[in-house]
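What follows is a set of notes on a single structure, which appears directly below.
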Amino acid sequence: MVSGLINANPVIYEKKERRARTAPSAPHDEYAVEPIDQQEIFDHIRDIKDPEHPYSLEELKVITEEAVEVDDQQNYVRVTFTPTVEHCSMATIIGLCLRVKLMRSLPSRYKVDIRVAPGSHATETAVNKQLNDKERVAAALENPNLLDMVDECLAPSYD
């Protein structure tokens with residue numbers, strides 16, 4: 001994907017087993033608002049590919065289910081991710097991928113907050129500011145090269 005790897009030998013972790021989603025037991029109302037939980041958010045983002053490696057963010061432990069917070073009543077989702085190295089120049093791309101995937105997957109009523117785990121990145125404050133500024137995100141998504149990179153990371157893999 002990218003030449004001159006920042007972390008040439010990342011640790012690869014085993015993926016968690018996918019759990020079956022349980023359907024509501026009540027008669028289905030097609031207009032009812034279905035609650036969204038931590039597992040559903042994690043399922044949306046777990047297979048995003050790292051911009052540098054052919055591994056998913058889950059396999060690199062950049063994201064974990066425990067790092068996903070959902071307040072369905074307040075329509076709020078926070079994803080905290082941990083770059084594999086403290087000086088990862090791909091942190092903003094990873095965060096942008098997370099944001100775009102959730103923008104495309106969740107109802108528009110949700111406010112999505114993407115954060116770098118505290119103490120995990122050298123420029124944590126700047127990365128968090130970029131990832132949660134609507135104008136900066138919109139400008140990034142107008143850049144065809146960045147959008148291609150994001151789309152590549154979000155493309156389904158068939159492994």
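Ordering of the structure tokens sets the chain letters (A, B, ...); residue numbers start at 1 within each chain; ligands are numbered from 1 in the order shown.
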field: Secondary structure check, strand (DSSP E or B) residues of chain A, as a ChimeraX atom specification
entry: /A:49,56,68-71,76-81,111-116
task: Run DSSP on the backbone and grab whatever in chain A lands in helix (DSSP H, G or I); send it over as a ChimeraX atom specification.
output: /A:38-45,65-67,91-105,124-131,134-142,144-154
With a distance cut-off of 7 Å and only C-alpha atoms, select the neighbouring residues of Tyr110 of chain A, excluding the residue or stretch itself and same-chain residues fewer than 3 positions from it, and output the selection as an mmCIF file with C-alpha atoms, in the first residue's frame.
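Ended up saving to result_22.cif:
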data_model
loop_
_atom_site.group_PDB
_atom_site.id
_atom_site.type_symbol
_atom_site.label_atom_id
_atom_site.label_comp_id
_atom_site.auth_asym_id
_atom_site.auth_seq_id
_atom_site.Cartn_x
_atom_site.Cartn_y
_atom_site.Cartn_z
ATOM 1 C CA ASN A 75 -27.089 9.062 19.624
ATOM 2 C CA TYR A 76 -23.380 9.150 20.446
ATOM 3 C CA VAL A 77 -20.528 6.852 19.415
ATOM 4 C CA LEU A 106 -24.889 4.614 10.865
ATOM 5 C CA PRO A 107 -28.056 6.703 10.738
#
